[in-house]
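Data from input_9.cif: mmCIF, C-alpha atoms and all ligand atoms
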```
data_entry
loop_
_atom_site.label_atom_id
_atom_site.label_comp_id
_atom_site.auth_asym_id
_atom_site.auth_seq_id
_atom_site.Cartn_x
_atom_site.Cartn_y
_atom_site.Cartn_z
CA MET A 11 -11.23 -16.22 8.16
CA ALA A 12 -9.39 -13.04 8.92
CA THR A 13 -10.99 -12.06 12.18
CA ILE A 14 -12.09 -14.74 14.56
CA GLU A 15 -12.33 -13.21 17.97
CA THR A 16 -13.54 -15.96 20.25
CA ASP A 17 -11.08 -18.03 22.19
CA ALA A 18 -12.13 -21.25 20.54
CA GLY A 19 -11.54 -19.70 17.15
CA VAL A 20 -8.00 -18.41 17.66
CA ASP A 21 -6.26 -18.48 14.30
CA PRO A 22 -3.36 -20.89 14.82
CA ALA A 23 -1.30 -19.11 12.17
CA PHE A 24 -1.71 -15.80 14.04
CA ARG A 25 -0.74 -17.44 17.34
CA LYS A 26 2.35 -18.94 15.74
CA ALA A 27 3.35 -15.70 14.01
CA VAL A 28 3.07 -13.76 17.28
CA LEU A 29 4.75 -16.26 19.61
CA ASP A 30 7.58 -17.09 17.18
CA GLY A 31 7.95 -13.40 16.37
CA LEU A 32 8.19 -12.33 20.02
CA ARG A 33 10.73 -15.05 20.83
CA MET A 34 13.21 -13.85 18.22
CA ASP A 35 16.28 -11.74 19.00
CA ARG A 36 15.02 -9.17 16.57
CA ARG A 37 11.34 -9.42 17.18
CA ALA A 38 9.14 -9.32 14.09
CA ILE A 39 5.53 -10.11 13.24
CA GLY A 40 4.44 -10.26 9.58
CA ALA A 41 2.58 -7.30 8.11
CA ARG A 42 -0.45 -9.37 7.09
CA TRP A 43 -1.45 -9.53 10.78
CA LEU A 44 -2.05 -5.77 10.85
CA TYR A 45 -5.21 -6.31 8.82
CA ASP A 46 -7.94 -7.47 11.15
CA LEU A 47 -11.23 -5.64 10.63
CA LYS A 48 -10.07 -2.58 12.60
CA GLY A 49 -6.69 -2.62 10.85
CA SER A 50 -8.32 -2.81 7.43
CA GLU A 51 -10.49 0.18 8.33
CA LEU A 52 -7.49 2.15 9.58
CA PHE A 53 -5.61 1.33 6.39
CA GLU A 54 -8.49 2.75 4.36
CA ASP A 55 -8.15 5.93 6.48
CA ILE A 56 -4.41 6.02 5.75
CA THR A 57 -5.11 6.14 2.03
CA ASP A 58 -6.87 9.52 2.52
CA LEU A 59 -4.02 11.13 4.50
CA PRO A 60 -2.26 14.13 2.97
CA GLU A 61 1.16 12.55 3.64
CA TYR A 62 0.25 9.18 2.12
CA TYR A 63 0.81 9.85 -1.59
CA PRO A 64 0.72 6.26 -3.01
CA THR A 65 -3.03 5.67 -3.21
CA ARG A 66 -3.93 9.02 -4.69
CA THR A 67 -0.99 8.95 -7.10
CA GLU A 68 -1.87 5.48 -8.33
CA ARG A 69 -5.51 6.44 -8.70
CA GLY A 70 -4.40 9.48 -10.72
CA LEU A 71 -2.40 7.18 -12.99
CA LEU A 72 -5.37 4.88 -13.48
CA ASP A 73 -7.57 7.89 -14.23
CA ALA A 74 -5.15 9.27 -16.76
CA TYR A 75 -3.82 6.11 -18.37
CA SER A 76 -6.24 3.23 -18.00
CA GLY A 77 -7.41 4.04 -21.54
CA GLU A 78 -3.90 3.45 -22.83
CA ALA A 79 -3.51 0.43 -20.60
CA GLY A 80 -6.86 -0.89 -21.79
CA ALA A 81 -5.77 -0.61 -25.42
CA ALA A 82 -2.62 -2.59 -24.63
CA ILE A 83 -4.51 -5.20 -22.60
CA GLY A 84 -7.48 -5.75 -24.93
CA ALA A 85 -11.00 -7.02 -24.28
CA GLY A 86 -12.25 -10.40 -23.06
CA ARG A 87 -9.86 -11.12 -20.21
CA ALA A 88 -10.73 -12.34 -16.76
CA VAL A 89 -9.34 -9.77 -14.31
CA ILE A 90 -7.88 -11.41 -11.22
CA GLU A 91 -7.25 -8.90 -8.42
CA PHE A 92 -4.87 -9.98 -5.66
CA GLY A 93 -5.76 -8.45 -2.28
CA SER A 94 -8.73 -6.53 -3.61
CA GLY A 95 -9.55 -4.79 -0.31
CA SER A 96 -12.34 -2.35 -1.03
CA SER A 97 -11.70 -2.62 -4.81
CA ALA A 98 -11.71 1.17 -4.96
CA LYS A 99 -9.44 1.36 -8.01
CA THR A 100 -10.93 -1.50 -9.96
CA PRO A 101 -13.76 0.32 -11.79
CA LEU A 102 -11.22 2.67 -13.38
CA LEU A 103 -9.60 -0.32 -15.01
CA LEU A 104 -12.69 -2.42 -15.75
CA LYS A 105 -14.32 0.48 -17.60
CA GLN A 106 -11.50 0.43 -20.14
CA ILE A 107 -11.03 -3.23 -20.96
CA ASP A 108 -14.44 -4.86 -21.42
CA PRO A 109 -13.49 -7.80 -19.18
CA ALA A 110 -15.04 -11.27 -19.41
CA ALA A 111 -15.10 -11.77 -15.64
CA TYR A 112 -13.76 -10.30 -12.41
CA VAL A 113 -12.23 -12.40 -9.64
CA PRO A 114 -11.37 -10.40 -6.48
CA ILE A 115 -9.19 -12.34 -4.04
CA ASP A 116 -8.96 -11.12 -0.46
CA ILE A 117 -8.27 -12.52 2.97
CA SER A 118 -11.07 -10.45 4.53
CA GLY A 119 -14.40 -11.96 3.55
CA GLU A 120 -16.30 -8.98 4.84
CA PHE A 121 -14.49 -6.47 2.62
CA LEU A 122 -14.76 -8.92 -0.26
CA ARG A 123 -18.55 -9.22 -0.11
CA ASP A 124 -19.07 -5.46 0.20
CA SER A 125 -16.82 -4.64 -2.71
CA ALA A 126 -18.14 -7.45 -4.92
CA GLU A 127 -21.63 -6.06 -4.35
CA SER A 128 -20.81 -2.47 -5.22
CA LEU A 129 -18.96 -3.65 -8.32
CA SER A 130 -21.95 -5.68 -9.46
CA ASP A 131 -24.05 -2.52 -9.12
CA GLU A 132 -21.68 -0.63 -11.38
CA PHE A 133 -21.12 -3.47 -13.87
CA PRO A 134 -24.38 -5.45 -13.84
CA GLU A 135 -23.37 -7.61 -16.83
CA LEU A 136 -19.98 -8.60 -15.45
CA PRO A 137 -19.67 -12.07 -13.87
CA VAL A 138 -17.98 -11.61 -10.46
CA PHE A 139 -16.47 -14.57 -8.59
CA PRO A 140 -15.11 -13.46 -5.19
CA VAL A 141 -12.52 -15.76 -3.63
CA GLU A 142 -11.75 -15.53 0.09
CA ALA A 143 -8.13 -16.61 0.36
CA ASP A 144 -4.62 -15.68 1.40
CA PHE A 145 -3.16 -14.76 -1.96
CA SER A 146 0.43 -15.31 -0.82
CA HIS A 147 -0.16 -18.98 -1.63
CA LYS A 148 -1.31 -20.36 -4.96
CA VAL A 149 -5.07 -19.75 -5.22
CA PRO A 150 -7.20 -22.10 -7.32
CA LEU A 151 -9.34 -19.96 -9.64
CA PRO A 152 -13.05 -20.57 -10.19
CA GLU A 153 -13.80 -23.13 -12.90
CA ALA A 154 -15.83 -20.54 -14.80
CA VAL A 155 -12.75 -18.51 -15.73
CA ALA A 156 -10.48 -21.47 -16.51
CA ASP A 157 -10.47 -20.96 -20.28
CA MET A 158 -10.31 -17.16 -20.34
CA PRO A 159 -7.06 -15.25 -20.86
CA LYS A 160 -6.16 -13.52 -17.62
CA LEU A 161 -5.04 -10.13 -16.46
CA GLY A 162 -3.56 -10.08 -12.98
CA PHE A 163 -4.20 -6.78 -11.17
CA PHE A 164 -2.01 -6.05 -8.18
CA PRO A 165 -2.28 -2.34 -7.36
CA GLY A 166 -1.33 -0.45 -4.23
CA SER A 167 2.36 -1.43 -4.17
CA THR A 168 1.39 -4.34 -1.95
CA ILE A 169 4.35 -6.21 -3.45
CA GLY A 170 6.46 -3.79 -1.42
CA ASN A 171 5.46 -5.65 1.74
CA MET A 172 7.50 -8.65 0.60
CA VAL A 173 11.27 -8.97 0.84
CA PRO A 174 12.66 -9.40 -2.70
CA PRO A 175 13.05 -13.22 -2.65
CA ILE A 176 9.45 -13.59 -1.51
CA ALA A 177 8.30 -11.01 -4.08
CA VAL A 178 9.99 -13.05 -6.80
CA ASP A 179 8.37 -16.27 -5.57
CA PHE A 180 5.04 -14.50 -5.51
CA LEU A 181 5.43 -13.15 -9.05
CA ARG A 182 6.16 -16.72 -10.19
CA THR A 183 3.14 -18.06 -8.32
CA MET A 184 0.93 -15.40 -9.95
CA LYS A 185 2.26 -16.42 -13.34
CA GLU A 186 1.34 -20.05 -12.61
CA THR A 187 -2.08 -19.08 -11.30
CA LEU A 188 -2.82 -16.89 -14.32
CA GLY A 189 -1.60 -19.32 -16.97
CA ILE A 190 -0.47 -19.01 -20.56
CA GLY A 191 -0.77 -15.61 -22.23
CA ALA A 192 -1.32 -13.82 -18.94
CA MET A 193 -0.67 -10.14 -18.39
CA LEU A 194 -0.09 -8.30 -15.17
CA LEU A 195 -0.85 -4.71 -14.18
CA ILE A 196 1.06 -3.94 -11.00
CA GLY A 197 1.66 -0.82 -8.91
CA MET A 198 5.09 -0.17 -7.43
CA ASP A 199 6.23 2.68 -5.24
CA ARG A 200 9.43 4.43 -6.27
CA VAL A 201 12.53 5.12 -4.19
CA LYS A 202 12.47 8.77 -3.15
CA GLY A 203 13.67 11.13 -0.44
CA GLU A 204 13.28 10.30 3.22
CA GLU A 205 11.54 13.63 3.80
CA ILE A 206 8.62 12.27 1.78
CA LEU A 207 8.84 8.59 2.68
CA VAL A 208 8.96 8.83 6.45
CA PRO A 209 5.96 11.17 6.94
CA ALA A 210 3.97 8.93 4.58
CA TYR A 211 4.38 6.21 7.22
CA ASP A 212 4.29 8.49 10.29
CA ASP A 213 1.53 10.99 9.65
CA ALA A 214 0.77 14.03 11.79
CA ALA A 215 -2.75 12.83 12.64
CA GLY A 216 -1.41 9.55 14.05
CA VAL A 217 -3.51 7.27 11.89
CA THR A 218 -0.55 5.11 10.85
CA ALA A 219 0.49 4.92 14.50
CA ALA A 220 -3.00 3.66 15.40
CA PHE A 221 -2.83 1.16 12.52
CA ASN A 222 0.49 -0.22 13.74
CA LEU A 223 -0.36 -0.24 17.47
CA ASN A 224 -3.69 -1.95 16.74
CA LEU A 225 -1.61 -5.11 16.41
CA LEU A 226 -1.05 -5.00 20.18
CA THR A 227 -4.79 -4.61 20.76
CA ARG A 228 -5.39 -7.59 18.49
CA ILE A 229 -2.81 -9.71 20.32
CA ASN A 230 -4.33 -8.81 23.68
CA ARG A 231 -7.83 -9.60 22.47
CA GLU A 232 -7.27 -12.72 20.39
CA LEU A 233 -4.36 -14.28 22.28
CA GLY A 234 -5.22 -13.18 25.80
CA GLY A 235 -2.19 -10.89 25.94
CA THR A 236 -1.36 -8.51 28.80
CA ILE A 237 0.64 -6.01 26.76
CA PRO A 238 0.39 -2.49 28.23
CA GLU A 239 -0.31 -0.62 25.04
CA ASP A 240 0.67 2.78 26.48
CA ALA A 241 4.23 1.50 26.97
CA PHE A 242 4.78 1.44 23.22
CA ARG A 243 4.99 3.87 20.35
CA HIS A 244 4.94 3.71 16.56
CA ARG A 245 8.17 4.21 14.60
CA ALA A 246 8.73 4.51 10.85
CA VAL A 247 12.31 4.40 9.55
CA TRP A 248 13.88 4.42 6.09
CA ASN A 249 16.37 1.57 5.70
CA ASP A 250 18.49 2.78 2.81
CA PRO A 251 20.64 -0.32 2.13
CA LEU A 252 17.49 -2.43 1.89
CA ALA A 253 15.48 0.32 0.13
CA ARG A 254 12.47 0.08 2.38
CA VAL A 255 10.42 1.89 4.97
CA GLU A 256 10.11 -0.20 8.12
CA MET A 257 7.40 0.09 10.73
CA HIS A 258 8.28 -0.86 14.26
CA ILE A 259 6.53 -0.89 17.62
CA GLU A 260 9.02 0.49 20.13
CA ALA A 261 9.02 -0.03 23.90
CA LEU A 262 9.08 3.33 25.71
CA ARG A 263 10.29 1.70 28.94
CA ASP A 264 11.35 -1.72 30.18
CA VAL A 265 8.21 -3.79 29.99
CA GLU A 266 7.02 -7.31 30.79
CA PHE A 267 3.90 -9.03 29.57
CA THR A 268 2.43 -12.40 28.72
CA VAL A 269 0.87 -13.77 25.57
CA GLU A 270 -1.01 -17.03 25.88
CA GLY A 271 0.62 -17.38 29.28
CA GLU A 272 4.18 -17.10 27.94
CA ARG A 273 6.30 -14.35 29.55
CA PHE A 274 8.15 -11.77 27.48
CA ALA A 275 10.40 -8.91 28.55
CA MET A 276 11.41 -6.00 26.36
CA ALA A 277 13.96 -3.35 27.25
CA LYS A 278 13.31 0.32 26.64
CA GLY A 279 14.07 1.09 22.98
CA GLU A 280 13.61 -2.50 21.79
CA THR A 281 11.19 -2.92 18.92
CA ILE A 282 8.85 -5.34 17.24
CA HIS A 283 9.28 -5.02 13.47
CA THR A 284 5.82 -5.12 11.93
CA GLU A 285 6.08 -4.09 8.30
CA ASN A 286 8.40 -3.52 5.35
CA SER A 287 7.46 -1.33 2.43
CA HIS A 288 10.07 -1.81 -0.30
CA LYS A 289 10.57 0.89 -2.91
CA TYR A 290 11.75 0.27 -6.46
CA GLY A 291 13.45 2.56 -8.95
CA PRO A 292 12.62 2.04 -12.66
CA ARG A 293 15.43 -0.47 -13.27
CA ASP A 294 14.80 -2.18 -9.94
CA ALA A 295 11.17 -2.76 -10.87
CA ARG A 296 12.05 -4.29 -14.22
CA ILE A 297 14.67 -6.63 -12.84
CA LEU A 298 12.32 -7.74 -10.05
CA LEU A 299 9.65 -8.55 -12.62
CA ARG A 300 12.17 -10.37 -14.85
CA ALA A 301 13.33 -12.45 -11.90
CA GLY A 302 9.70 -13.42 -11.31
CA GLY A 303 9.10 -14.45 -14.92
CA TRP A 304 7.48 -11.26 -16.25
CA THR A 305 8.59 -8.77 -18.90
CA MET A 306 7.60 -5.14 -18.64
CA ILE A 307 5.72 -3.90 -21.70
CA ARG A 308 4.70 -0.41 -20.62
CA GLU A 309 5.03 1.82 -17.63
CA TRP A 310 3.20 4.92 -16.50
CA SER A 311 4.29 7.21 -13.72
CA ASP A 312 3.31 10.60 -12.36
CA ARG A 313 5.10 13.85 -13.09
CA LYS A 314 7.19 13.63 -9.92
CA ASP A 315 7.87 9.94 -10.63
CA GLN A 316 6.65 8.98 -7.17
CA PHE A 317 4.74 5.86 -8.18
CA ALA A 318 4.62 3.55 -11.20
CA LEU A 319 1.92 1.49 -12.82
CA ILE A 320 3.55 -1.27 -14.81
CA LEU A 321 2.09 -3.56 -17.47
CA ALA A 322 3.96 -6.83 -17.97
CA GLU A 323 3.48 -10.06 -19.88
CA ALA A 324 4.33 -13.59 -18.87
C1 LIG A 401 -0.74 -1.74 1.70
C2 LIG A 401 1.50 -2.44 1.75
C3 LIG A 401 0.83 -0.84 0.17
O1 LIG A 401 3.29 -0.29 2.40
O2 LIG A 401 2.38 1.57 1.78
C4 LIG A 401 0.62 2.01 4.64
C5 LIG A 401 0.73 -0.47 3.90
N1 LIG A 401 1.53 0.63 6.00
N2 LIG A 401 1.01 2.67 5.74
C6 LIG A 401 2.30 0.42 2.20
C7 LIG A 401 0.95 0.71 4.80
C8 LIG A 401 1.54 1.84 6.55
C9 LIG A 401 0.91 -0.16 2.46
N3 LIG A 401 0.62 -1.30 1.54
#
```
Translate this file's structure into structure tokens.
Ligand code: AVJ
Amino acid sequence: MATIETDAGVDPAFRKAVLDGLRMDRRAIGARWLYDLKGSELFEDITDLPEYYPTRTERGLLDAYSGEAGAAIGAGRAVIEFGSGSSAKTPLLLKQIDPAAYVPIDISGEFLRDSAESLSDEFPELPVFPVEADFSHKVPLPEAVADMPKLGFFPGSTIGNMVPPIAVDFLRTMKETLGIGAMLLIGMDRVKGEEILVPAYDDAAGVTAAFNLNLLTRINRELGGTIPEDAFRHRAVWNDPLARVEMHIEALRDVEFTVEGERFAMAKGETIHTENSHKYGPRDARILLRAGGWTMIREWSDRKDQFALILAEA
């Protein structure tokens, strides 16, 4: 379960991620912990921001090219979506490929049920098998789709959250999960200028800041933390050597607090690193896929080449 809020139900993996992360020299807590219910809602708000180009650009690509993609993919596949969220982009694809089944996988059961329902309304004939799971590990697929050829769908440039070795492991795991003859349709965000990248992760309305700082609220609530939230601010920085945007939570003054009774002190300017969003140029994307066992077949990108939708085969 993604959001258990009672004391008895503290997610031990969350507790470990937070305590281990706060004890490190360079403090860091994995990006998946940003997505409690509130965080998932704030992320949906981010996707509507003027500065946040990825969602609208990818949707534009699906609008314009899912016909072409559908022709290359062919009918009768089970579509397996990793981290389906609200499944907002899925109908654009499903309309074009006459799928045999749809399997949305998401860590948030609540989102999963809502989106599975609205999809069933739109595609009443389509068998939908929602799976509530953390897709970063191998996910056993429902028996009903075992014998169908698969199309993995991984939009949103979520792969950008992973450092490259983890991304490669994940691509391999997806290949195993999807089986022989599998195809993959994946969204990746391109490398581009800082003047576009940084505002996309530090918007004028402060929605991304709220999304990031919500992690402190979650720690205080779920782990009995005493973190003074007003002593921190959101930071987004482009790390050029590592080709990624990083989100950090920065202490505005020297600050002390406890989490689960353990004391922590942070000096002014120190940060907790909360997210990476890796960007890939055209060659970068292909080599990443190759390293993970996939070969690019086709690629679509927008006029400004800000974002790419890539079709690959196992
Ligand atoms: C959901 C990982 C694709 O990295 O762009 C957006 C998350 N974080 N704004 C991204 C995010 C801050 C997003 N992904």
>> How would you report the residues lying within 10 Å of ligand LIG 401 (chain A), as JSON, numbers by chain, if you count only C-alpha atoms and all ligand atoms?
In response: {"A": [41, 42, 44, 45, 50, 52, 53, 54, 55, 56, 57, 59, 62, 63, 64, 65, 93, 95, 165, 166, 167, 168, 169, 170, 171, 172, 197, 198, 199, 207, 209, 210, 211, 212, 213, 217, 218, 219, 221, 222, 246, 254, 255, 256, 257, 284, 285, 286, 287, 288, 289]}
Would you save the residues of that selection, restricted to C-alpha atoms, as an mmCIF file, keeping the file's coordinate frame?
```
data_model
loop_
_atom_site.group_PDB
_atom_site.id
_atom_site.type_symbol
_atom_site.label_atom_id
_atom_site.label_comp_id
_atom_site.auth_asym_id
_atom_site.auth_seq_id
_atom_site.Cartn_x
_atom_site.Cartn_y
_atom_site.Cartn_z
ATOM 1 C CA ALA A 41 2.580 -7.300 8.110
ATOM 2 C CA ARG A 42 -0.450 -9.370 7.090
ATOM 3 C CA LEU A 44 -2.050 -5.770 10.850
ATOM 4 C CA TYR A 45 -5.210 -6.310 8.820
ATOM 5 C CA SER A 50 -8.320 -2.810 7.430
ATOM 6 C CA LEU A 52 -7.490 2.150 9.580
ATOM 7 C CA PHE A 53 -5.610 1.330 6.390
ATOM 8 C CA GLU A 54 -8.490 2.750 4.360
ATOM 9 C CA ASP A 55 -8.150 5.930 6.480
ATOM 10 C CA ILE A 56 -4.410 6.020 5.750
ATOM 11 C CA THR A 57 -5.110 6.140 2.030
ATOM 12 C CA LEU A 59 -4.020 11.130 4.500
ATOM 13 C CA TYR A 62 0.250 9.180 2.120
ATOM 14 C CA TYR A 63 0.810 9.850 -1.590
ATOM 15 C CA PRO A 64 0.720 6.260 -3.010
ATOM 16 C CA THR A 65 -3.030 5.670 -3.210
ATOM 17 C CA GLY A 93 -5.760 -8.450 -2.280
ATOM 18 C CA GLY A 95 -9.550 -4.790 -0.310
ATOM 19 C CA PRO A 165 -2.280 -2.340 -7.360
ATOM 20 C CA GLY A 166 -1.330 -0.450 -4.230
ATOM 21 C CA SER A 167 2.360 -1.430 -4.170
ATOM 22 C CA THR A 168 1.390 -4.340 -1.950
ATOM 23 C CA ILE A 169 4.350 -6.210 -3.450
ATOM 24 C CA GLY A 170 6.460 -3.790 -1.420
ATOM 25 C CA ASN A 171 5.460 -5.650 1.740
ATOM 26 C CA MET A 172 7.500 -8.650 0.600
ATOM 27 C CA GLY A 197 1.660 -0.820 -8.910
ATOM 28 C CA MET A 198 5.090 -0.170 -7.430
ATOM 29 C CA ASP A 199 6.230 2.680 -5.240
ATOM 30 C CA LEU A 207 8.840 8.590 2.680
ATOM 31 C CA PRO A 209 5.960 11.170 6.940
ATOM 32 C CA ALA A 210 3.970 8.930 4.580
ATOM 33 C CA TYR A 211 4.380 6.210 7.220
ATOM 34 C CA ASP A 212 4.290 8.490 10.290
ATOM 35 C CA ASP A 213 1.530 10.990 9.650
ATOM 36 C CA VAL A 217 -3.510 7.270 11.890
ATOM 37 C CA THR A 218 -0.550 5.110 10.850
ATOM 38 C CA ALA A 219 0.490 4.920 14.500
ATOM 39 C CA PHE A 221 -2.830 1.160 12.520
ATOM 40 C CA ASN A 222 0.490 -0.220 13.740
ATOM 41 C CA ALA A 246 8.730 4.510 10.850
ATOM 42 C CA ARG A 254 12.470 0.080 2.380
ATOM 43 C CA VAL A 255 10.420 1.890 4.970
ATOM 44 C CA GLU A 256 10.110 -0.200 8.120
ATOM 45 C CA MET A 257 7.400 0.090 10.730
ATOM 46 C CA THR A 284 5.820 -5.120 11.930
ATOM 47 C CA GLU A 285 6.080 -4.090 8.300
ATOM 48 C CA ASN A 286 8.400 -3.520 5.350
ATOM 49 C CA SER A 287 7.460 -1.330 2.430
ATOM 50 C CA HIS A 288 10.070 -1.810 -0.300
ATOM 51 C CA LYS A 289 10.570 0.890 -2.910
#
```
> Smallest atom-to-atom distance to Arg69 in chain A: which of A:Lys99, A:Arg231, A:Lys314, A:Lys148, using only C-alpha atoms?
Replying inline: A:Lys99
> Any idea what the distance is between CA of Gly31 in chain A and CA of Ile282 in chain A?
Replying inline: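 These atoms are spaced 8.2 Å apart.
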> So how far away is CA of Val247 in chain A from CA of Met276 in chain A, in Å?
Replying inline: 19.8 Å
>> Which residues are near Pro137 in chain A? Cut-off 10 Å, only C-alpha atoms, ignore same chain within fewer than 4 positions. Put them as a VMD selection string.
In response: chain A and resid 88 109 to 113 130 133 154 to 155
> A:Val89, A:Ile206, A:Ala275, A:Leu161: which is nearest Leu136 in chain A, counting only C-alpha atoms?
Replying inline: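 Under the stated criterion, the closest residue is A:Val89.
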> Excluding same-chain residues fewer than 6 positions from Ala143 in chain A, what lies within 7 Å of it counting all atoms listed in the file, as number ranges by chain?
Replying inline: A: 115-117
> Using all atoms listed in the file, which residue out of A:Arg300, A:Arg66, A:Arg87, A:Arg293 lies closest to Phe317 in chain A?
Replying inline: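 Once distances to Phe317 in chain A are computed over all atoms listed in the file, the minimum belongs to A:Arg66.
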> So what do you get for CA of Arg33 in chain A versus CA of Glu270 in chain A, distance-wise?
Replying inline: 12.9 Å
> Hey, which of A:Thr67, A:Glu266, A:Val173, A:Glu232 ends up closest to Pro22 in chain A? Count only C-alpha atoms.
Replying inline: A:Glu232
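Checking A:Ala192, A:Ala177, A:Ala220, A:Met184 one by one against Val149 in chain A, counting all atoms listed in the file, you find the shortest gap at A:Met184.
Residue nearest Arg313 in chain A within the list A:Leu71, A:Ala156, A:Ile297, A:Leu103: A:Leu71 [criterion: smallest interatomic distance, only C-alpha atoms].
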> Any idea what's packed within 12 Å of Met34 in chain A, counting only C-alpha atoms, ignoring anything in its chain fewer than 4 positions away? Could you give it as a PyMOL selection string?
Replying inline: chain A and resi 27-30+38-39+274-276+280-283
Sorted by chain and rising residue number, list the residues of range 141-212 of chain A at most 12 Å from range 75-81 of chain A (counting only C-alpha atoms), each with its closest atom pair and distance in Å to one decimal, as CSV.
```
residue,atom,partner,partner_atom,distance
A:Leu161,CA,A:Gly80,CA,10.8
A:Phe163,CA,A:Ala79,CA,11.9
A:Met193,CA,A:Ala79,CA,11.2
A:Leu194,CA,A:Ala79,CA,10.8
A:Leu195,CA,A:Ala79,CA,8.6
A:Ile196,CA,A:Ala79,CA,11.5
```
>> Give me the residues near Ile237 in chain A as a list in words, where near means some atom within 10 Å (using only C-alpha atoms) and where sequence neighbours in that chain fewer than 2 positions away do not count.
In response: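 Non-adjacent residues within range: Leu226, Thr227, Ile229, Asn230, Gly234, Gly235, Glu239, Asp240, Ala241, Phe242, Val265, Glu266, Phe267, Thr268, Val269 and Phe274 of chain A.
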> Residues around (14.3, -15.5, -11.6), cut-off 10 Å, counting only C-alpha atoms - what are they as an MDAnalysis selection string?
Replying inline: chainID A and resid 175 178:179 181:182 297:304
Could you add the missing atoms to range 32-46 of chain A, up to N, CA and C atoms, and return them as a tab-separated table (two decimals), in the coordinates of the input?
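What follows is the written file rebuild_10.tsv:
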```
chain	number	residue	atom	x	y	z
A	32	LEU	N	7.78	-12.95	18.76
A	32	LEU	CA	8.19	-12.33	20.02
A	32	LEU	C	9.39	-13.04	20.65
A	33	ARG	N	9.60	-14.30	20.26
A	33	ARG	CA	10.73	-15.05	20.83
A	33	ARG	C	12.05	-14.72	20.14
A	34	MET	N	11.98	-14.09	18.98
A	34	MET	CA	13.21	-13.85	18.22
A	34	MET	C	14.06	-12.77	18.86
A	35	ASP	N	15.37	-12.79	18.54
A	35	ASP	CA	16.28	-11.74	19.00
A	35	ASP	C	15.84	-10.39	18.48
A	36	ARG	N	15.63	-10.37	17.15
A	36	ARG	CA	15.02	-9.17	16.57
A	36	ARG	C	13.57	-9.50	16.32
A	37	ARG	N	12.75	-9.02	17.22
A	37	ARG	CA	11.34	-9.42	17.18
A	37	ARG	C	10.66	-8.90	15.92
A	38	ALA	N	9.84	-9.73	15.32
A	38	ALA	CA	9.14	-9.32	14.09
A	38	ALA	C	7.87	-10.14	13.92
A	39	ILE	N	6.81	-9.46	13.51
A	39	ILE	CA	5.53	-10.11	13.24
A	39	ILE	C	5.09	-9.65	11.85
A	40	GLY	N	4.72	-10.58	11.00
A	40	GLY	CA	4.44	-10.26	9.58
A	40	GLY	C	3.34	-9.22	9.40
A	41	ALA	N	3.49	-8.42	8.35
A	41	ALA	CA	2.58	-7.30	8.11
A	41	ALA	C	1.14	-7.74	7.88
A	42	ARG	N	0.93	-8.95	7.38
A	42	ARG	CA	-0.45	-9.37	7.09
A	42	ARG	C	-1.31	-9.36	8.36
A	43	TRP	N	-0.68	-9.47	9.53
A	43	TRP	CA	-1.45	-9.53	10.78
A	43	TRP	C	-1.93	-8.17	11.23
A	44	LEU	N	-1.52	-7.11	10.55
A	44	LEU	CA	-2.05	-5.77	10.85
A	44	LEU	C	-3.49	-5.62	10.38
A	45	TYR	N	-3.92	-6.52	9.50
A	45	TYR	CA	-5.21	-6.31	8.82
A	45	TYR	C	-6.34	-7.15	9.40
A	46	ASP	N	-6.65	-6.96	10.68
A	46	ASP	CA	-7.94	-7.47	11.15
A	46	ASP	C	-8.98	-6.43	10.69
```
